[in-house]
Amino acid sequence: MDKSSTLEYINQMFPTEASLSGVEPLMQKIKSEINHVDSGILAAVRQQSNSGTKAKEDLAAATCAVEELMYKIREIKSKAEQSETMVQEICRDIKKLDFAKKHVTTTITALHRLTMLVSAVEQLQVMASKRQYKEAAAQLEAVNQLCSHFEAYRDIPKITELREKFKNIKQILKSHVFSDFSSLGTGKETEETNLLQHLSDACLVVDSLEPSVREELVNNFCSRELTSYEQIFEGAELAKLDKTERRYAWIKRRIRTNEEIWKIFPPSWHVPYRLCIQFCKKTRKQLEEILDNMKEKPDVGTLLMALQRTLEFEDELAEKFGGGTRSREIGNEIEEIGTGQSSSQSISDIRKKYERKLAAHQDSGTEEHDRNKDLSVPGAGFNFRGIISSCFEPHLIIYVELEEKTLMENLEKLVQEETWDIEEGSQNNVLSSSMQLFLIIKRSLKRCSALTKNQTLFNLFKVFQRILKAYATKLFARLPRGGTGIVAAATGMDGQIKTSDRDERVICYIVNSAEYCHKTSGELAESVSKIIDSQLADGVDMSEVQDEFSAVITRALVTLVHGLETKFDAEMAAMTRVLWGTLESVGDQSEYVNGINMILTSSIPVLGSLLSPIYFQFFLDKLASSLGPRFYANIFKCKHISETGAQQMLLDTQAVKTILLEIPALGRQTSGAASYSKFVSREMSKAEALLKVILSPVDSVADTYRALLPEGTPMEFQRILELKGLKKADQQSILDDLNKHGPGITQPSVVQSVVPAAPPAPIAPAIPNPASIGLIGSREDVLARAAALGRGAATTGFKRFLALTEAAKDRKDGPFRKLFNA
């Protein structure tokens with residue numbers, strides 16, 4: 001009962017007064033149990049006392065047993081030592097006899113081998129003196145094996161004497177072999193019929209000698225073979241760049257003529273292979289001297305012809321001896337340019353690209369050592385490609401200059417012959433000059449990649465960048481431009497841009513061509529990065545060129561919008577000439593609305609069919625951001641608007657809104673129609689709100705203005721009162737009421753608009769808030785800010801000019817104030 005207290009236990013045993021009668025029996029029972037427990041404890045104590053005594057006795061007995069065991073172990077160990085001594089005494093004589101037998105056997109074997117070695121050395125000496133190379137080669141192998149048995153006895157005088165004698169014999173054999181090989185190539189092989197067989201046997205002797213002997217013999221042979229080559233092509237007659245092809249003809253003829261004679265060399269020596277390596281190194285050295293010692297720049301044709309023949313020769317050597325194979329077909333990479341195939345680069349190509357970069361980084365320290373080392377083992381994989389041709393690399397700058405001149409001339413010719421029109425049935429609506437330019441660039445890239453893939457190719461890629469930038473400038477210059485004057489100076493633009501239907505088509509062609517050039521220049525960079533040396537691949541980048549074409553696209557689309565703006569000038573002027581204050585009834589939509597509709601229905605279908613969806617959407621957003629605020633601002637240009645005039649104008653506003661909402665369907669491109677419709681509705685709702693304020697009664701016009709145009713200004717509200725025809729005295733009380741309650745935001749709402757998103761191309765810096773123009777303090781500041789407005793691509797020329805003039809009217813002084821005081 002661990003969880004219960006004593007008190008609880010008693011209350012549980014005796015819950016009532018009547019139960020107290022059982023206390024006495026319970027006490028007797030408890031005393032009985034206590035006595036029983038005491039008896040058990042006493043018995044346990046007695047038992048424990050007896051057990052302790054017994055344990056001490058057991059421990060003493062165990063100690064005695066251990067001591068007895070240790071005594072027996074020492075006794076056994078002593079007997080074992082006595083037995084070992086006895087066995088050694090018995091076997092001592094037997095071991096002496098065993099060692100004696102072993103030494104006698106070793107001595108007999110050594111003497112027998114020494115006899116064989118002495119005899120073999122004497123026989124080898126006789127064979128060497130008689131130049132019996134075939135027998136001497138076999139004897140050399142036997143002597144070498146016998147000498148290996150006496151490595152441990154090299155300090156013994158007799159062995160030392162024999163080794164010296166053997167060394168002298170090998171030196172004699174070497175001198176005889178070198179002497180006999182000196183007659184090879186002198187014509188004696190035709191006079192002495194057995195000379196070739198004799199030299200073939202001598203090769204067996206060389207293989208039996210040290211490897212350095214073979215290396216020296218082959219090097220001497222190759223040097224002797226190339227002595228006449230050096231003498232012939234170091235003279236004034238053939239030491240010219242245009243005679244390079246004759247060098248390769250000489251070595252090929254030499255190899256072909258001596259092919260049968262050189263069969264005396266074992267295949268493992270790779271004599272033709274080693275000869276070609278030395279020939280390439282000597283040729284490279286001579287060509288470097290020729291190129292460096294030229295007083296004038298070499299002729300491009302001669303230089304390229306020499307390089308071409310050198311590359312062909314290197315390819316022949318690589319094919320003949322193996323090693324240095326090309327990692328990919330360059331032509332396939334170049335043909336992908338302009339087809340769009342390279343944009344879907346596989347994962348394996350990406351992995352291989354970075355593996356190449358890693359390998360180039362790891363091998364850069366050992367590349368020169370690997371190039372210069374003598375490779376004499378089969379399948380060593382010496383890379384013949386580039387061993388000679390790389391010396392042309394520093395001098396190919398004249399080739400790059402010629403390519404640049406040719407490309408620039410072709411570019412000028414293409415632009416001059418460009419009709420700025422597209423043939424019927426064309427699928428991509430791209431100017432032919434764009435496609436022809438990239439075809440010319442691809443041919444130039446093929447020519448260069450066939451010659452080199454190093455610095456020259458990288459320099460040519462820089463030329464491609466300059467050519468494409470020049471073409472972007474040509475496209476930019478072809479865009480229609482406006483006039484000059486005070487409007488152009490104030491807005492930073494070229495003034496009004498008048499565009500015909502053909503001009504609009506040309507602008508669309510320029511947009512499509514710039515997009516094509518943007519995409520294809522990226523593919524060109526990808527192809528070049530695959531072809532070029534891995535160390536230069538990181539510098540291959542077309543981002544600057546692509547930025548140029550992106551700027552052309554942006555400017556072209558802005559120009560397209562400016563051209564339509566100019567077409568709307570007459571309709572906006574017609575709107576202000578309507579006598580809105582004297583209209584007697586509301587009729588159908590006005591003529592200027594029909595004019596706006598006619599302009600859009602004639603231009604939009606053509607633009608929608610020529611522009612891609614993303615650029616057409618950008619054009620629509622720009623157009624809506626222009627027409628909406630412009631229509632709103634144009635209402636303020638009217639002199640007086642009566643209630644009937646305001647109702648008619650509200651009808652016209654709704655008609656213009658409907659026309660604008662139908663533009664995506666008119667252009668047959670509805671991919672972004674939802675966002676465009678929302679944008680148009682928001683912009684045109686401001687004009688509707690303005691007209692509703694004009695329609696409101698005079699006593700509630702201030703409340704209506706605050707409710708419908710919370711961003712309005714007192715100046716704008718005063719202009720609304722003038723449109724309603726109120727006199728100055730009547731306007732003051734209403735203005736005081738407006739100023740008492742205060743407008744929501746004191747920014748000019750006449751010129752505010754939401755700027756649409758830019759197309760997928762870089763555009764000019766954002767345009768500052770027109771309200772900030774009023775803070776400019778000098779004429780230079782005004783013109784600078786106006787120029788900044790003109791450089792921006794996020795709004796229109798008319799709106800910028802309006803913002804500037806509105807700000808100028810607010811100032812008491814300034815360069816444009818006199819325009820409004822007249």
# chains A, B, ... in the order shown; residues from 1 in each chain; ligands from 1

call {"tool": "residues_around", "arguments": {"residues": "stretch 664-666 of chain A", "least_positions_apart": "2", "cutoff": "10 Å", "atoms": "only C-alpha atoms", "output": "PyMOL selection string"}}
result
chain A and resi 600-608+616-617+620+659-662+668-674+676-677

call {"tool": "select_by_dssp", "arguments": {"residues": "stretch 591-724 of chain A", "states": "alpha helix (DSSP H)", "output": "count of residues only"}}
result
107

call {"tool": "closest_atom_pairs", "arguments": {"of": "stretch 217-240 of chain A", "to": "stretch 246-263 of chain A", "cutoff": "10 Å", "atoms": "only C-alpha atoms", "output": "tab-separated table"}}
result
residue	atom	partner	partner_atom	distance
A:Glu225	CA	A:Arg254	CA	9.0
A:Leu226	CA	A:Ile251	CA	9.0
A:Tyr229	CA	A:Trp250	CA	8.0
A:Ile232	CA	A:Arg247	CA	9.5
A:Phe233	CA	A:Arg247	CA	7.6
A:Leu238	CA	A:Arg246	CA	8.4
A:Ala239	CA	A:Arg247	CA	9.8

call {"tool": "write_last_selection", "arguments": {"atoms": "C-alpha atoms", "output": "mmCIF file, in the first residue's frame"}}
result
data_model
loop_
_atom_site.group_PDB
_atom_site.id
_atom_site.type_symbol
_atom_site.label_atom_id
_atom_site.label_comp_id
_atom_site.auth_asym_id
_atom_site.auth_seq_id
_atom_site.Cartn_x
_atom_site.Cartn_y
_atom_site.Cartn_z
ATOM 1 C CA GLU A 225 68.161 11.464 -93.825
ATOM 2 C CA LEU A 226 67.073 15.068 -93.160
ATOM 3 C CA TYR A 229 66.397 18.351 -96.707
ATOM 4 C CA ILE A 232 67.927 22.013 -100.044
ATOM 5 C CA PHE A 233 65.295 24.143 -98.305
ATOM 6 C CA LEU A 238 63.383 27.147 -101.962
ATOM 7 C CA ALA A 239 63.390 28.975 -98.628
#

call {"tool": "residues_around", "arguments": {"residues": "A:Leu140", "least_positions_apart": "5", "cutoff": "12 Å", "atoms": "only C-alpha atoms", "output": "compact mmCIF listing (two decimals) with N, CA and C atoms, in the first residue's frame"}}
result
# COMPACT_ATOMS: atom_id res chain seq x y z
N LEU A 117 80.08 -18.43 -68.81
CA LEU A 117 80.19 -17.00 -69.09
C LEU A 117 81.50 -16.70 -69.80
N ALA A 120 81.17 -17.93 -73.27
CA ALA A 120 80.25 -17.12 -74.06
C ALA A 120 80.86 -15.77 -74.41
N VAL A 121 81.60 -15.18 -73.49
CA VAL A 121 82.24 -13.88 -73.77
C VAL A 121 83.28 -14.05 -74.85
N GLU A 122 84.05 -15.12 -74.79
CA GLU A 122 85.07 -15.35 -75.82
C GLU A 122 84.42 -15.56 -77.18
N GLN A 123 83.32 -16.35 -77.21
CA GLN A 123 82.62 -16.57 -78.48
C GLN A 123 82.03 -15.25 -79.01
N LEU A 124 81.48 -14.45 -78.08
CA LEU A 124 80.88 -13.17 -78.49
C LEU A 124 81.95 -12.25 -79.06
N GLN A 125 83.17 -12.31 -78.47
CA GLN A 125 84.26 -11.47 -78.96
C GLN A 125 84.62 -11.86 -80.39
N MET A 127 82.56 -13.34 -82.55
CA MET A 127 81.44 -12.96 -83.42
C MET A 127 81.46 -11.45 -83.70
N ALA A 128 81.84 -10.68 -82.69
CA ALA A 128 81.88 -9.23 -82.88
C ALA A 128 82.97 -8.84 -83.86
N GLN A 132 79.37 -11.06 -87.11
CA GLN A 132 78.30 -12.05 -87.25
C GLN A 132 77.13 -11.61 -86.36
N TYR A 133 76.34 -10.67 -86.90
CA TYR A 133 75.33 -10.00 -86.07
C TYR A 133 74.21 -10.93 -85.62
N LYS A 134 73.78 -11.81 -86.49
CA LYS A 134 72.66 -12.68 -86.13
C LYS A 134 73.03 -13.59 -84.97
N GLU A 135 74.25 -14.23 -85.03
CA GLU A 135 74.70 -15.09 -83.95
C GLU A 135 75.03 -14.26 -82.71
N GLN A 145 71.92 -12.92 -69.57
CA GLN A 145 71.30 -13.75 -68.55
C GLN A 145 72.35 -14.31 -67.57
N LEU A 146 73.52 -14.70 -68.10
CA LEU A 146 74.57 -15.22 -67.22
C LEU A 146 75.10 -14.13 -66.30
N CYS A 147 75.23 -12.92 -66.82
CA CYS A 147 75.74 -11.82 -65.99
C CYS A 147 74.78 -11.49 -64.86
N PHE A 166 83.06 -7.70 -71.33
CA PHE A 166 81.74 -7.75 -71.98
C PHE A 166 81.30 -6.34 -72.40
N LYS A 167 81.59 -5.35 -71.54
CA LYS A 167 81.23 -3.97 -71.86
C LYS A 167 81.99 -3.48 -73.09
N ILE A 169 83.14 -5.38 -75.49
CA ILE A 169 82.60 -6.08 -76.67
C ILE A 169 81.32 -5.40 -77.16
N LYS A 170 80.45 -5.00 -76.23
CA LYS A 170 79.22 -4.31 -76.63
C LYS A 170 79.53 -2.97 -77.29
N LEU A 173 80.58 -3.81 -80.77
CA LEU A 173 79.40 -4.13 -81.59
C LEU A 173 78.65 -2.85 -81.97
N LEU A 204 68.97 -6.72 -84.85
CA LEU A 204 68.77 -7.67 -83.75
C LEU A 204 69.79 -7.42 -82.64
N VAL A 205 71.00 -7.08 -83.04
CA VAL A 205 72.03 -6.76 -82.05
C VAL A 205 71.66 -5.51 -81.27
N VAL A 206 71.15 -4.50 -81.98
CA VAL A 206 70.77 -3.24 -81.33
C VAL A 206 69.66 -3.48 -80.31
N ASP A 207 68.71 -4.34 -80.66
CA ASP A 207 67.63 -4.65 -79.72
C ASP A 207 68.16 -5.35 -78.47
N SER A 208 69.28 -6.10 -78.63
CA SER A 208 69.84 -6.80 -77.48
C SER A 208 70.69 -5.88 -76.61
N LEU A 209 71.11 -4.75 -77.15
CA LEU A 209 71.87 -3.79 -76.37
C LEU A 209 70.93 -2.88 -75.58
N GLU A 210 71.47 -1.86 -74.95
CA GLU A 210 70.65 -0.97 -74.14
C GLU A 210 69.67 -0.18 -75.02

call {"tool": "closest_residue", "arguments": {"among": "A:Leu557, A:Val45, A:Leu651, A:Leu579", "to": "A:Asp621", "atoms": "only C-alpha atoms"}}
result
A:Leu557

call {"tool": "atom_distance", "arguments": {"atom1": "atom CA of A:Tyr516", "atom2": "atom CA of A:Asn428"}}
result
9.0 Å

call {"tool": "residues_around", "arguments": {"residues": "stretch 505-515 of chain A", "least_positions_apart": "2", "cutoff": "10 Å", "atoms": "only C-alpha atoms", "output": "JSON, numbers by chain"}}
result
{"A": [419, 420, 421, 422, 428, 429, 430, 431, 432, 433, 434, 435, 471, 472, 475, 476, 478, 479, 480, 499, 500, 501, 502, 503, 517, 518, 519, 520, 521, 546, 548, 549, 550, 551, 552, 553, 554, 555, 556, 557, 559, 560, 603, 606, 607, 608, 609, 610, 611, 612, 615, 616, 761]}

call {"tool": "residues_around", "arguments": {"residues": "A:Arg682", "least_positions_apart": "6", "cutoff": "12 Å", "atoms": "only C-alpha atoms", "output": "list in words"}}
result
Ala624, Ser625, Gly628, Pro629, Tyr632, Lys657, Leu661, Ser675, Tyr676, Glu688, Ala689, Ser753 and Val754 of chain A

call {"tool": "write_last_selection", "arguments": {"atoms": "N, CA, C and O atoms", "output": "CSV table (one decimal), in the first residue's frame"}}
result
chain,number,residue,atom,x,y,z
A,624,ALA,N,-2.3,51.8,-76.8
A,624,ALA,CA,-3.3,52.1,-75.8
A,624,ALA,C,-2.8,53.2,-74.8
A,624,ALA,O,-3.5,54.1,-74.4
A,625,SER,N,-1.5,53.0,-74.4
A,625,SER,CA,-1.0,54.0,-73.4
A,625,SER,C,-0.9,55.4,-74.1
A,625,SER,O,-0.7,56.4,-73.4
A,628,GLY,N,-5.3,56.5,-75.0
A,628,GLY,CA,-6.1,56.8,-73.8
A,628,GLY,C,-5.8,58.2,-73.2
A,628,GLY,O,-6.7,59.0,-73.1
A,629,PRO,N,-4.6,58.4,-72.7
A,629,PRO,CA,-4.3,59.7,-72.1
A,629,PRO,C,-4.4,60.9,-73.1
A,629,PRO,O,-4.8,62.0,-72.8
A,632,TYR,N,-8.0,61.8,-73.4
A,632,TYR,CA,-8.3,62.5,-72.1
A,632,TYR,C,-7.8,64.0,-72.2
A,632,TYR,O,-8.6,64.9,-71.9
A,657,LYS,N,-13.6,53.7,-77.3
A,657,LYS,CA,-13.3,52.5,-76.4
A,657,LYS,C,-13.6,51.2,-77.1
A,657,LYS,O,-12.8,50.3,-77.0
A,661,LEU,N,-11.0,48.2,-78.1
A,661,LEU,CA,-11.1,46.9,-77.6
A,661,LEU,C,-11.1,45.8,-78.7
A,661,LEU,O,-10.8,44.7,-78.5
A,675,SER,N,-5.5,41.2,-70.8
A,675,SER,CA,-4.7,42.3,-70.1
A,675,SER,C,-4.8,43.6,-70.9
A,675,SER,O,-5.0,44.7,-70.3
A,676,TYR,N,-4.8,43.5,-72.2
A,676,TYR,CA,-5.0,44.7,-73.0
A,676,TYR,C,-6.3,45.3,-72.8
A,676,TYR,O,-6.4,46.6,-72.7
A,688,GLU,N,-14.3,59.1,-69.6
A,688,GLU,CA,-15.7,59.0,-69.3
A,688,GLU,C,-16.0,59.7,-67.9
A,688,GLU,O,-17.0,60.4,-67.8
A,689,ALA,N,-15.1,59.5,-67.0
A,689,ALA,CA,-15.3,60.2,-65.7
A,689,ALA,C,-15.3,61.7,-65.8
A,689,ALA,O,-16.0,62.4,-65.2
A,753,SER,N,-0.5,58.1,-67.1
A,753,SER,CA,-0.9,56.9,-67.7
A,753,SER,C,-0.1,55.7,-67.2
A,753,SER,O,1.0,55.9,-66.7
A,754,VAL,N,-0.6,54.6,-67.4
A,754,VAL,CA,0.1,53.3,-67.0
A,754,VAL,C,1.0,52.9,-68.1
A,754,VAL,O,0.5,52.7,-69.2

call {"tool": "atom_distance", "arguments": {"atom1": "atom CA of A:His640", "atom2": "atom CA of A:Gly581"}}
result
5.0 Å

call {"tool": "closest_atom_pairs", "arguments": {"of": "stretch 439-546 of chain A", "to": "stretch 305-315 of chain A", "cutoff": "10 Å", "atoms": "only C-alpha atoms", "output": "Markdown table"}}
result
| residue | atom | partner | partner_atom | distance |
| --- | --- | --- | --- | --- |
| A:Ala450 | CA | A:Gln308 | CA | 8.4 |
| A:Leu451 | CA | A:Gln308 | CA | 6.6 |
| A:Thr452 | CA | A:Leu311 | CA | 9.1 |
